[in-house]
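Undergrad: This one is run-v1.txt, compact mmCIF, C-alpha atoms.
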```txt
# COMPACT_ATOMS: atom_id res chain seq x y z
CA MET I 280 5.98 -9.61 26.09
CA PRO I 281 5.78 -13.38 26.79
CA PRO I 282 8.79 -15.63 26.13
CA MET I 283 9.44 -16.32 22.45
CA GLN I 284 7.62 -19.45 21.32
CA ALA I 285 8.79 -22.09 18.84
CA ASN I 286 9.15 -20.71 15.33
CA PRO I 287 6.03 -21.58 13.29
CA TYR I 288 7.89 -20.69 10.07
CA PRO I 289 11.22 -22.55 10.24
CA ASP I 290 12.34 -21.26 6.83
CA PHE I 291 12.39 -17.77 8.41
CA THR I 292 14.84 -16.65 11.08
CA LEU I 293 12.92 -15.60 14.18
CA GLU I 294 14.31 -12.60 16.04
CA GLU I 295 13.21 -10.35 18.86
CA ARG I 296 13.60 -6.65 18.12
CA THR I 297 13.31 -3.95 20.77
CA TYR I 298 12.72 -0.32 19.83
CA LEU I 299 11.33 2.50 21.95
CA GLY I 300 10.94 0.10 24.86
CA GLU I 301 8.73 -2.36 22.93
CA THR I 302 9.88 -5.88 21.99
CA ARG I 303 8.28 -7.70 19.07
CA GLN I 304 8.93 -10.86 17.11
CA VAL I 305 10.30 -10.35 13.60
CA PHE I 306 10.61 -13.09 10.98
CA ARG I 307 13.39 -12.66 8.44
CA GLN I 308 14.21 -14.39 5.14
CA GLY I 309 16.17 -13.69 1.98
CA ALA I 310 19.02 -11.53 0.74
CA GLY I 311 19.11 -8.12 -0.88
CA PRO I 312 17.53 -4.78 0.01
CA ALA I 313 15.03 -4.89 2.87
CA VAL I 314 11.26 -5.06 2.48
CA ILE I 315 9.07 -4.88 5.58
CA VAL I 316 5.90 -6.95 5.23
CA MET I 317 3.24 -5.88 7.74
CA HIS I 318 0.49 -8.42 8.15
CA GLU I 319 -3.26 -7.89 8.13
CA VAL I 320 -5.93 -9.01 10.62
CA PRO I 321 -5.96 -11.47 12.32
CA GLY I 322 -2.17 -11.79 12.52
CA LEU I 323 0.87 -13.26 10.82
CA TYR I 324 -1.05 -16.25 9.48
CA PRO I 325 0.36 -18.68 6.85
CA GLY I 326 -0.97 -16.78 3.83
CA VAL I 327 0.96 -13.67 4.82
CA ALA I 328 4.12 -15.73 5.27
CA GLU I 329 3.65 -17.14 1.77
CA PHE I 330 3.47 -13.61 0.38
CA GLY I 331 6.68 -12.81 2.27
CA ARG I 332 8.37 -15.81 0.65
CA ARG I 333 7.45 -14.53 -2.81
CA VAL I 334 8.93 -11.14 -2.05
CA ALA I 335 12.12 -12.74 -0.72
CA ALA I 336 12.39 -14.92 -3.83
CA ALA I 337 12.26 -11.76 -5.96
CA GLY I 338 15.58 -10.59 -4.53
CA PHE I 339 14.88 -9.03 -1.14
CA THR I 340 15.42 -9.53 2.57
CA VAL I 341 11.95 -9.72 4.04
CA TYR I 342 11.24 -8.59 7.60
CA MET I 343 7.81 -9.62 8.93
CA PRO I 344 7.04 -8.09 12.35
CA SER I 345 4.22 -9.54 14.42
CA VAL I 346 2.07 -6.64 15.60
CA ILE I 347 -1.09 -8.44 16.72
CA GLY I 348 -2.33 -12.00 17.01
CA THR I 349 -0.35 -15.25 17.19
CA PRO I 350 2.21 -15.98 14.45
CA GLY I 351 1.43 -19.20 12.63
CA ARG I 352 -2.18 -19.44 13.75
CA PRO I 353 -4.44 -20.11 10.73
CA PHE I 354 -6.93 -17.54 9.51
CA GLY I 355 -10.38 -17.86 11.07
CA ALA I 356 -13.49 -15.73 11.48
CA LEU I 357 -13.52 -15.86 15.30
CA TYR I 358 -9.76 -15.28 15.45
CA SER I 359 -10.18 -12.26 13.17
CA LEU I 360 -12.87 -10.76 15.38
CA GLN I 361 -10.75 -11.31 18.48
CA SER I 362 -7.72 -9.64 16.89
CA LEU I 363 -9.81 -6.75 15.62
CA ALA I 364 -11.27 -6.21 19.09
CA ARG I 365 -7.77 -6.14 20.59
CA ALA I 366 -6.63 -3.62 17.99
CA CYS I 367 -9.58 -1.35 18.75
CA VAL I 368 -8.48 -0.96 22.37
CA ALA I 369 -4.70 -1.21 21.90
CA ARG I 370 -2.77 1.99 22.33
CA GLU I 371 -0.57 1.09 19.33
CA PHE I 372 -3.45 1.52 16.88
CA THR I 373 -5.40 4.69 16.20
CA VAL I 374 -8.58 3.27 14.72
CA TRP I 375 -11.10 6.07 15.28
CA ALA I 376 -9.23 9.39 15.42
CA THR I 377 -8.48 11.40 12.30
CA ARG I 378 -5.33 13.32 11.39
CA GLU I 379 -3.32 11.14 13.77
CA ARG I 380 -0.87 8.33 13.12
CA SER I 381 -0.74 5.08 15.07
CA PRO I 382 2.10 5.03 17.65
CA ILE I 383 3.37 1.72 16.28
CA ILE I 384 4.57 3.55 13.17
CA ASP I 385 7.47 4.97 15.20
CA TRP I 386 8.53 1.40 16.10
CA LEU I 387 8.33 0.39 12.44
CA ARG I 388 10.41 3.39 11.42
CA GLU I 389 13.16 2.19 13.75
CA LEU I 390 12.94 -1.28 12.21
CA ALA I 391 13.21 0.24 8.71
CA ARG I 392 16.30 2.21 9.70
CA ASP I 393 18.00 -0.89 11.13
CA ALA I 394 16.97 -3.04 8.17
CA HIS I 395 18.53 -0.56 5.75
CA GLN I 396 21.80 -0.59 7.69
CA GLU I 397 21.81 -4.39 7.79
CA CYS I 398 20.90 -5.02 4.13
CA GLY I 399 22.31 -2.02 2.29
CA GLY I 400 20.99 -1.02 -1.12
CA PRO I 401 19.41 2.30 -2.03
CA GLY I 402 16.66 1.99 0.57
CA VAL I 403 13.81 -0.02 2.03
CA GLY I 404 10.39 -1.13 0.82
CA ALA I 405 7.31 -1.66 2.98
CA VAL I 406 3.84 -3.07 2.46
CA GLY I 407 1.01 -2.81 4.95
CA MET I 408 -2.35 -4.58 4.80
CA CYS I 409 -5.72 -3.79 6.36
CA LEU I 410 -5.09 -2.26 9.82
CA THR I 411 -1.43 -1.83 8.87
CA GLY I 412 -2.30 -0.75 5.33
CA GLY I 413 -1.52 2.91 5.83
CA PHE I 414 1.53 2.41 8.02
CA ALA I 415 3.96 2.52 5.09
CA LEU I 416 2.69 6.02 4.35
CA GLY I 417 3.47 7.23 7.85
CA MET I 418 6.90 5.58 7.66
CA MET I 419 7.84 7.84 4.74
CA VAL I 420 9.30 10.41 7.12
CA GLU I 421 12.31 8.06 6.98
CA GLU I 422 14.30 8.96 3.86
CA CYS I 423 15.36 5.33 3.49
CA LEU I 424 11.73 4.27 2.84
CA LEU I 425 11.68 4.29 -0.98
CA ALA I 426 8.89 1.88 -1.91
CA PRO I 427 5.75 2.21 0.26
CA VAL I 428 2.74 0.04 -0.62
CA LEU I 429 -0.68 0.56 0.99
CA SER I 430 -2.82 -2.54 0.54
CA GLN I 431 -6.44 -2.00 1.60
CA PRO I 432 -5.54 0.81 4.08
CA SER I 433 -8.44 0.68 6.54
CA LEU I 434 -7.50 3.14 9.31
CA PRO I 435 -9.09 5.21 10.56
CA PHE I 436 -12.38 3.36 10.19
CA ALA I 437 -14.62 5.39 7.89
CA LEU I 438 -17.77 5.65 9.97
CA LEU I 439 -18.29 9.37 9.30
CA PRO I 440 -17.96 11.25 5.98
CA HIS I 441 -14.81 13.13 6.96
CA GLN I 442 -13.11 9.86 7.95
CA ARG I 443 -13.43 8.47 4.41
CA ARG I 444 -10.73 10.82 3.17
CA ASP I 445 -8.49 10.53 6.20
CA LEU I 446 -5.04 9.01 5.59
CA GLY I 447 -4.12 8.15 9.17
CA VAL I 448 -1.22 10.59 9.42
CA ASP I 449 -0.82 13.94 11.13
CA ASP I 450 -0.34 17.22 9.26
CA ALA I 451 3.44 17.35 9.76
CA THR I 452 3.86 13.82 8.41
CA LEU I 453 1.64 14.58 5.43
CA ALA I 454 3.73 17.66 4.63
CA THR I 455 6.86 15.50 4.61
CA ILE I 456 5.16 12.93 2.36
CA ARG I 457 4.15 15.65 -0.11
CA SER I 458 7.70 17.01 -0.11
CA ARG I 459 9.15 13.60 -0.80
CA ALA I 460 6.65 13.01 -3.60
CA ALA I 461 7.69 16.29 -5.18
CA ARG I 462 11.28 15.02 -5.09
CA GLY I 463 10.46 11.76 -6.87
CA ALA I 464 9.07 9.38 -4.25
CA CYS I 465 6.11 7.21 -5.26
CA VAL I 466 3.35 5.51 -3.26
CA MET I 467 1.34 2.50 -4.43
CA GLY I 468 -2.15 1.73 -3.13
CA LEU I 469 -4.37 -1.32 -3.66
CA ARG I 470 -8.08 -1.81 -3.01
CA PHE I 471 -11.18 -3.62 -4.21
CA THR I 472 -13.71 -1.13 -5.55
CA GLY I 473 -16.56 -2.49 -3.42
CA ASP I 474 -14.62 -2.65 -0.15
CA PRO I 475 -16.46 -0.51 2.43
CA LEU I 476 -13.40 -0.48 4.70
CA VAL I 477 -11.34 1.34 2.05
CA PRO I 478 -13.53 4.10 0.60
CA ALA I 479 -12.87 5.48 -2.86
CA ALA I 480 -12.58 8.91 -1.21
CA ARG I 481 -9.41 7.78 0.59
CA PHE I 482 -7.69 6.96 -2.69
CA GLN I 483 -8.96 10.20 -4.20
CA ARG I 484 -7.35 12.06 -1.30
CA LEU I 485 -4.06 10.34 -2.09
CA ARG I 486 -4.41 11.46 -5.70
CA ASP I 487 -5.20 15.00 -4.58
CA GLU I 488 -2.18 15.13 -2.26
CA LEU I 489 0.40 13.26 -4.35
CA GLY I 490 -0.72 13.61 -7.96
CA ASP I 491 1.14 11.31 -10.34
CA ALA I 492 3.28 10.08 -7.43
CA PHE I 493 0.35 7.93 -6.32
CA ILE I 494 -0.07 4.65 -8.21
CA ALA I 495 -3.58 3.32 -7.65
CA VAL I 496 -4.43 -0.34 -8.25
CA GLU I 497 -8.22 -0.68 -7.96
CA ILE I 498 -9.75 -4.08 -8.68
CA ASP I 499 -13.35 -4.29 -9.81
CA SER I 500 -15.48 -6.08 -7.22
CA SER I 501 -18.80 -4.57 -8.31
CA PHE I 502 -21.85 -6.75 -8.86
CA GLY I 503 -21.44 -8.86 -12.01
CA ASN I 504 -17.69 -8.19 -12.36
CA PRO I 505 -16.03 -10.42 -14.99
CA HIS I 506 -13.82 -12.29 -12.53
CA LYS I 507 -16.63 -13.07 -10.09
CA ILE I 508 -14.84 -11.36 -7.23
CA ARG I 509 -17.13 -11.21 -4.22
CA ARG I 510 -18.54 -7.83 -3.31
CA SER I 511 -17.07 -8.05 0.20
CA ALA I 512 -13.52 -8.83 -1.00
CA HIS I 513 -10.93 -6.99 1.09
CA SER I 514 -7.50 -8.65 1.21
CA VAL I 515 -5.89 -7.97 -2.18
CA LEU I 516 -2.55 -9.72 -1.68
CA VAL I 517 -3.43 -12.63 0.59
CA TYR I 518 -6.86 -13.90 1.65
CA ASP I 519 -8.84 -12.79 -1.42
CA LEU I 520 -6.04 -13.45 -3.89
CA VAL I 521 -6.99 -16.02 -6.54
CA ASP I 522 -3.74 -17.63 -7.65
CA GLU I 523 -4.69 -18.22 -11.27
CA PRO I 524 -3.04 -16.84 -14.42
CA GLY I 525 -4.70 -13.67 -15.62
CA HIS I 526 -6.57 -12.97 -12.41
CA PRO I 527 -6.40 -9.29 -11.40
CA THR I 528 -5.26 -10.10 -7.87
CA VAL I 529 -2.26 -12.00 -9.26
CA ALA I 530 -1.53 -9.05 -11.55
CA ALA I 531 -1.69 -6.76 -8.50
CA ARG I 532 0.73 -8.97 -6.55
CA GLU I 533 3.19 -8.96 -9.45
CA GLN I 534 2.84 -5.19 -9.80
CA VAL I 535 3.80 -4.78 -6.15
CA ILE I 536 6.89 -6.95 -6.60
CA ARG I 537 7.89 -5.02 -9.76
CA PHE I 538 7.46 -1.79 -7.81
CA PHE I 539 9.92 -3.03 -5.20
CA GLN I 540 12.34 -4.15 -7.91
CA GLU I 541 12.17 -0.88 -9.81
CA ARG I 542 12.67 1.25 -6.70
CA LEU I 543 15.16 -0.92 -4.82
CA LEU I 544 16.97 -2.89 -7.55
CA PRO I 545 17.71 -0.25 -10.22
CA ALA I 546 20.07 -2.55 -12.10
CA ALA I 547 17.23 -5.02 -12.60
```
Can you turn what I pasted into structure tokens?
TA:
Amino acid sequence: MPPMQANPYPDFTLEERTYLGETRQVFRQGAGPAVIVMHEVPGLYPGVAEFGRRVAAAGFTVYMPSVIGTPGRPFGALYSLQSLARACVAREFTVWATRERSPIIDWLRELARDAHQECGGPGVGAVGMCLTGGFALGMMVEECLLAPVLSQPSLPFALLPHQRRDLGVDDATLATIRSRAARGACVMGLRFTGDPLVPAARFQRLRDELGDAFIAVEIDSSFGNPHKIRRSAHSVLVYDLVDEPGHPTVAAREQVIRFFQERLLPAA
């Protein structure tokens, strides 16, 4: 990778982490059990960093790895298209195939293992968004991953009917996830109901596989919805979040933080 640039988020510690022969930038802030915040398209833009700050303020050490794009670069339509195009051809992401997990999940599992050793506590939390939305599910093969959150999990892209129910993990990983759910693990998922990138069938598959161990947060974005959420809304926790009291996206953000606290801070 290119030399590490100046830190665009000076309130975070910028590190370089190398696992499985791949070096990536990781931004770290806070104290307490670890939570890995995986950004959405187009990259680790300022809105994602602000979400990370909220998680850190709730009592956690936040690790934000940069997996695509340029950290600190503001959100933009052209930038998003460029990042999406790179992801579609990058070997780290499996965007079309079904019953396969993206290779980058193995790198993130190594980060989770290290973060748990560094921060202690009962385990680690993780939240993925958009292209990374399902990564926390695949990371559940690590026993230390106790609080996985899938925000608008978009891979694989649901172009064909059978892809709408696909979870982006292979059969062996899914068997491990089911076993962990049977032993008390829980998974949280978030989506807007009108989001074509996250079909309802994908959440139904999670219900079918995990039963009550899957906590679904589905926000009404249908035509005429009471909060005037646009039909094309996609980013629950960042870009499409409306930071106003009583708004369902704010309630979803707080539910995610409570989930981390309940699973990782039992005394709280």
Undergrad: Which residues are close to segment 378-388 of chain I, i.e. within 6 Å by only C-alpha atoms, leaving aside same-chain residues fewer than 5 positions away? Reply as a PDB file with C-alpha atoms, in the coordinates of the input.
TA:
```pdb
ATOM      1  CA  TYR I 298      12.720  -0.320  19.830  1.00  0.00           C
ATOM      2  CA  GLU I 371      -0.570   1.090  19.330  1.00  0.00           C
ATOM      3  CA  PHE I 372      -3.450   1.520  16.880  1.00  0.00           C
ATOM      4  CA  THR I 373      -5.400   4.690  16.200  1.00  0.00           C
ATOM      5  CA  MET I 418       6.900   5.580   7.660  1.00  0.00           C
ATOM      6  CA  GLY I 447      -4.120   8.150   9.170  1.00  0.00           C
ATOM      7  CA  VAL I 448      -1.220  10.590   9.420  1.00  0.00           C
ATOM      8  CA  ASP I 449      -0.820  13.940  11.130  1.00  0.00           C
TER       9      ASP I 449
END
```
Undergrad: Could you pull the residues within 9 Å of Arg481 of chain I, counting only C-alpha atoms, minus those fewer than 4 positions along the same chain, as a ChimeraX atom specification?
TA: /I:432,442-446,477,485-486
Undergrad: Taking into account all atoms listed in the file, which residue in the set I:Ala313, I:Phe330, I:Leu363, I:Pro545 is nearest to Asp522 of chain I?
TA: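 Of all the options, I:Phe330 lies closest to Asp522 of chain I.
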Undergrad: Please write out, as lines of an AutoDock Vina configuration file, where the centre of an axis-aligned box around all listed atoms of segment 406-410 of chain I lies and how long its edges are, in Å to one decimal, after adding 8 Å on each side.
TA:
```
center_x = -0.9
center_y = -3.4
center_z = 6.1
size_x = 25.6
size_y = 18.3
size_z = 23.4
```
Undergrad: If you measure from atom CA of Pro475 of chain I to atom CA of Gly351 of chain I, what distance in Å do you get, rounded to one decimal?
TA: 27.8 Å
Undergrad: Of the residues I:Val374, I:Val517, I:Ala530, I:Ala366, which is the one nearest to Val327 of chain I, using all atoms listed in the file?
TA: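 So, comparing all the options, the nearest one is I:Val517.
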Undergrad: List every protein, DNA or RNA residue that has at least one atom no more than 12 Å from (-2.8, -18.9, 13.2) in the file's coordinates, counting all atoms listed in the file, and write the result as a PDB file with C-alpha atoms, in the coordinates of the input.
TA:
```
ATOM      1  CA  PRO I 287       6.030 -21.580  13.290  1.00  0.00           C
ATOM      2  CA  TYR I 288       7.890 -20.690  10.070  1.00  0.00           C
ATOM      3  CA  VAL I 320      -5.930  -9.010  10.620  1.00  0.00           C
ATOM      4  CA  PRO I 321      -5.960 -11.470  12.320  1.00  0.00           C
ATOM      5  CA  GLY I 322      -2.170 -11.790  12.520  1.00  0.00           C
ATOM      6  CA  LEU I 323       0.870 -13.260  10.820  1.00  0.00           C
ATOM      7  CA  TYR I 324      -1.050 -16.250   9.480  1.00  0.00           C
ATOM      8  CA  PRO I 325       0.360 -18.680   6.850  1.00  0.00           C
ATOM      9  CA  GLY I 326      -0.970 -16.780   3.830  1.00  0.00           C
ATOM     10  CA  VAL I 327       0.960 -13.670   4.820  1.00  0.00           C
ATOM     11  CA  ALA I 328       4.120 -15.730   5.270  1.00  0.00           C
ATOM     12  CA  SER I 345       4.220  -9.540  14.420  1.00  0.00           C
ATOM     13  CA  ILE I 347      -1.090  -8.440  16.720  1.00  0.00           C
ATOM     14  CA  GLY I 348      -2.330 -12.000  17.010  1.00  0.00           C
ATOM     15  CA  THR I 349      -0.350 -15.250  17.190  1.00  0.00           C
ATOM     16  CA  PRO I 350       2.210 -15.980  14.450  1.00  0.00           C
ATOM     17  CA  GLY I 351       1.430 -19.200  12.630  1.00  0.00           C
ATOM     18  CA  ARG I 352      -2.180 -19.440  13.750  1.00  0.00           C
ATOM     19  CA  PRO I 353      -4.440 -20.110  10.730  1.00  0.00           C
ATOM     20  CA  PHE I 354      -6.930 -17.540   9.510  1.00  0.00           C
ATOM     21  CA  GLY I 355     -10.380 -17.860  11.070  1.00  0.00           C
ATOM     22  CA  ALA I 356     -13.490 -15.730  11.480  1.00  0.00           C
ATOM     23  CA  LEU I 357     -13.520 -15.860  15.300  1.00  0.00           C
ATOM     24  CA  TYR I 358      -9.760 -15.280  15.450  1.00  0.00           C
ATOM     25  CA  SER I 359     -10.180 -12.260  13.170  1.00  0.00           C
ATOM     26  CA  SER I 362      -7.720  -9.640  16.890  1.00  0.00           C
TER      27      SER I 362
END
```
Undergrad: Please report the interatomic distance between atom CA of Gly331 of chain I and atom CA of Val316 of chain I in Å with one decimal.
TA: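 Atom CA of Gly331 of chain I sits 6.6 Å away from atom CA of Val316 of chain I.
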Undergrad: Pick from I:Arg392, I:Pro344, I:Thr302, I:Leu489: nearest to Leu453 of chain I, with only C-alpha atoms counted?
TA: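 Using only C-alpha atoms, Leu453 of chain I sits closest to I:Leu489.
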Undergrad: Go ahead and find all residues with at least one atom no further than 12 Å from (9.4, 0.3, 2.6) in the file's coordinates, using all atoms listed in the file; report them as a PyMOL selection string.
TA: chain I and resi 312-317+339-343+387-392+394-395+401-407+413-429+464-467+535-536+538-540+542-543
Undergrad: In Å, how far is it from atom CA of Phe493 of chain I to atom CA of His526 of chain I?
TA: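 Here the two named atoms are 22.8 Å from each other.
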Undergrad: Rank nothing, just name the residue among I:Ser501, I:Ser458, I:Thr452, I:Gln396 nearest to Phe471 of chain I, using all atoms listed in the file.
TA: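 With all atoms listed in the file as the atom set, the closest residue is I:Ser501.
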Undergrad: Looking at only C-alpha atoms, which of I:Arg333, I:Cys367, I:Arg457, I:Pro505 is the one that sits closest to Glu533 of chain I?
TA: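 Among the listed residues, I:Arg333 lies closest to Glu533 of chain I.
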Undergrad: Check the smallest atom-to-atom distance from each of I:Pro440, I:Arg365, I:Ala310, I:Glu488 to Thr455 of chain I using all atoms listed in the file, then report the winner.
TA: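 Looking only at the distances to Thr455 of chain I, the closest residue turns out to be I:Glu488.
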Undergrad: Copy segment 296-372 of chain I out of the block into a file, keeping C-alpha atoms, as a PDB file, in the first residue's frame.
TA:
```pdb
ATOM      1  CA  ARG I 296      -2.155  -3.198  10.745  1.00  0.00           C
ATOM      2  CA  THR I 297      -0.795  -6.104   8.724  1.00  0.00           C
ATOM      3  CA  TYR I 298      -2.582  -9.455   8.649  1.00  0.00           C
ATOM      4  CA  LEU I 299      -2.334 -12.237   6.092  1.00  0.00           C
ATOM      5  CA  GLY I 300       0.155 -10.176   4.102  1.00  0.00           C
ATOM      6  CA  GLU I 301      -2.195  -7.172   3.720  1.00  0.00           C
ATOM      7  CA  THR I 302      -1.546  -3.802   5.388  1.00  0.00           C
ATOM      8  CA  ARG I 303      -4.418  -1.417   6.056  1.00  0.00           C
ATOM      9  CA  GLN I 304      -4.930   1.809   7.946  1.00  0.00           C
ATOM     10  CA  VAL I 305      -6.923   1.503  11.171  1.00  0.00           C
ATOM     11  CA  PHE I 306      -8.236   4.448  13.199  1.00  0.00           C
ATOM     12  CA  ARG I 307      -8.607   3.878  16.925  1.00  0.00           C
ATOM     13  CA  GLN I 308     -10.336   5.828  19.716  1.00  0.00           C
ATOM     14  CA  GLY I 309     -11.738   5.201  23.168  1.00  0.00           C
ATOM     15  CA  ALA I 310     -11.399   2.770  26.047  1.00  0.00           C
ATOM     16  CA  GLY I 311     -13.257  -0.395  26.942  1.00  0.00           C
ATOM     17  CA  PRO I 312     -14.176  -3.520  24.967  1.00  0.00           C
ATOM     18  CA  ALA I 313     -13.441  -3.337  21.251  1.00  0.00           C
ATOM     19  CA  VAL I 314     -15.985  -2.510  18.552  1.00  0.00           C
ATOM     20  CA  ILE I 315     -14.936  -2.706  14.903  1.00  0.00           C
ATOM     21  CA  VAL I 316     -16.718  -0.119  12.753  1.00  0.00           C
ATOM     22  CA  MET I 317     -16.579  -1.032   9.056  1.00  0.00           C
ATOM     23  CA  HIS I 318     -17.427   1.858   6.788  1.00  0.00           C
ATOM     24  CA  GLU I 319     -19.801   1.958   3.842  1.00  0.00           C
ATOM     25  CA  VAL I 320     -19.265   3.189   0.268  1.00  0.00           C
ATOM     26  CA  PRO I 321     -17.493   5.400  -0.669  1.00  0.00           C
ATOM     27  CA  GLY I 322     -14.989   5.077   2.182  1.00  0.00           C
ATOM     28  CA  LEU I 323     -14.192   6.222   5.691  1.00  0.00           C
ATOM     29  CA  TYR I 324     -15.804   9.626   5.187  1.00  0.00           C
ATOM     30  CA  PRO I 325     -16.522  12.087   8.056  1.00  0.00           C
ATOM     31  CA  GLY I 326     -20.031  10.796   8.793  1.00  0.00           C
ATOM     32  CA  VAL I 327     -18.701   7.317   9.517  1.00  0.00           C
ATOM     33  CA  ALA I 328     -16.049   8.769  11.819  1.00  0.00           C
ATOM     34  CA  GLU I 329     -18.769  10.643  13.705  1.00  0.00           C
ATOM     35  CA  PHE I 330     -20.647   7.377  14.234  1.00  0.00           C
ATOM     36  CA  GLY I 331     -17.403   5.851  15.526  1.00  0.00           C
ATOM     37  CA  ARG I 332     -17.058   8.701  18.016  1.00  0.00           C
ATOM     38  CA  ARG I 333     -20.535   8.009  19.374  1.00  0.00           C
ATOM     39  CA  VAL I 334     -19.707   4.355  19.878  1.00  0.00           C
ATOM     40  CA  ALA I 335     -16.446   5.248  21.629  1.00  0.00           C
ATOM     41  CA  ALA I 336     -18.273   7.708  23.897  1.00  0.00           C
ATOM     42  CA  ALA I 337     -20.610   4.884  24.944  1.00  0.00           C
ATOM     43  CA  GLY I 338     -17.729   3.027  26.587  1.00  0.00           C
ATOM     44  CA  PHE I 339     -15.833   1.211  23.843  1.00  0.00           C
ATOM     45  CA  THR I 340     -12.541   1.174  21.995  1.00  0.00           C
ATOM     46  CA  VAL I 341     -13.451   1.756  18.369  1.00  0.00           C
ATOM     47  CA  TYR I 342     -11.339   0.341  15.546  1.00  0.00           C
ATOM     48  CA  MET I 343     -12.184   1.754  12.096  1.00  0.00           C
ATOM     49  CA  PRO I 344     -10.292  -0.027   9.287  1.00  0.00           C
ATOM     50  CA  SER I 345     -10.111   1.609   5.874  1.00  0.00           C
ATOM     51  CA  VAL I 346     -11.052  -1.025   3.300  1.00  0.00           C
ATOM     52  CA  ILE I 347     -11.737   1.117   0.236  1.00  0.00           C
ATOM     53  CA  GLY I 348     -11.568   4.777  -0.728  1.00  0.00           C
ATOM     54  CA  THR I 349      -9.610   7.612   0.890  1.00  0.00           C
ATOM     55  CA  PRO I 350     -10.050   8.233   4.635  1.00  0.00           C
ATOM     56  CA  GLY I 351     -11.303  11.729   5.336  1.00  0.00           C
ATOM     57  CA  ARG I 352     -12.562  12.425   1.825  1.00  0.00           C
ATOM     58  CA  PRO I 353     -16.130  13.805   1.981  1.00  0.00           C
ATOM     59  CA  PHE I 354     -19.075  11.837   0.653  1.00  0.00           C
ATOM     60  CA  GLY I 355     -19.881  12.531  -3.000  1.00  0.00           C
ATOM     61  CA  ALA I 356     -21.846  10.904  -5.801  1.00  0.00           C
ATOM     62  CA  LEU I 357     -18.888  10.579  -8.188  1.00  0.00           C
ATOM     63  CA  TYR I 358     -16.621   9.384  -5.380  1.00  0.00           C
ATOM     64  CA  SER I 359     -19.224   6.760  -4.454  1.00  0.00           C
ATOM     65  CA  LEU I 360     -19.421   5.473  -8.017  1.00  0.00           C
ATOM     66  CA  GLN I 361     -15.639   5.290  -8.257  1.00  0.00           C
ATOM     67  CA  SER I 362     -15.367   3.353  -4.987  1.00  0.00           C
ATOM     68  CA  LEU I 363     -18.170   1.013  -5.997  1.00  0.00           C
ATOM     69  CA  ALA I 364     -16.469   0.312  -9.321  1.00  0.00           C
ATOM     70  CA  ARG I 365     -13.214  -0.508  -7.523  1.00  0.00           C
ATOM     71  CA  ALA I 366     -15.027  -2.851  -5.150  1.00  0.00           C
ATOM     72  CA  CYS I 367     -16.650  -4.680  -8.051  1.00  0.00           C
ATOM     73  CA  VAL I 368     -13.261  -5.673  -9.463  1.00  0.00           C
ATOM     74  CA  ALA I 369     -11.300  -5.987  -6.204  1.00  0.00           C
ATOM     75  CA  ARG I 370     -10.428  -9.495  -5.140  1.00  0.00           C
ATOM     76  CA  GLU I 371     -11.255  -8.612  -1.499  1.00  0.00           C
ATOM     77  CA  PHE I 372     -14.969  -8.270  -2.253  1.00  0.00           C
TER      78      PHE I 372
END
```
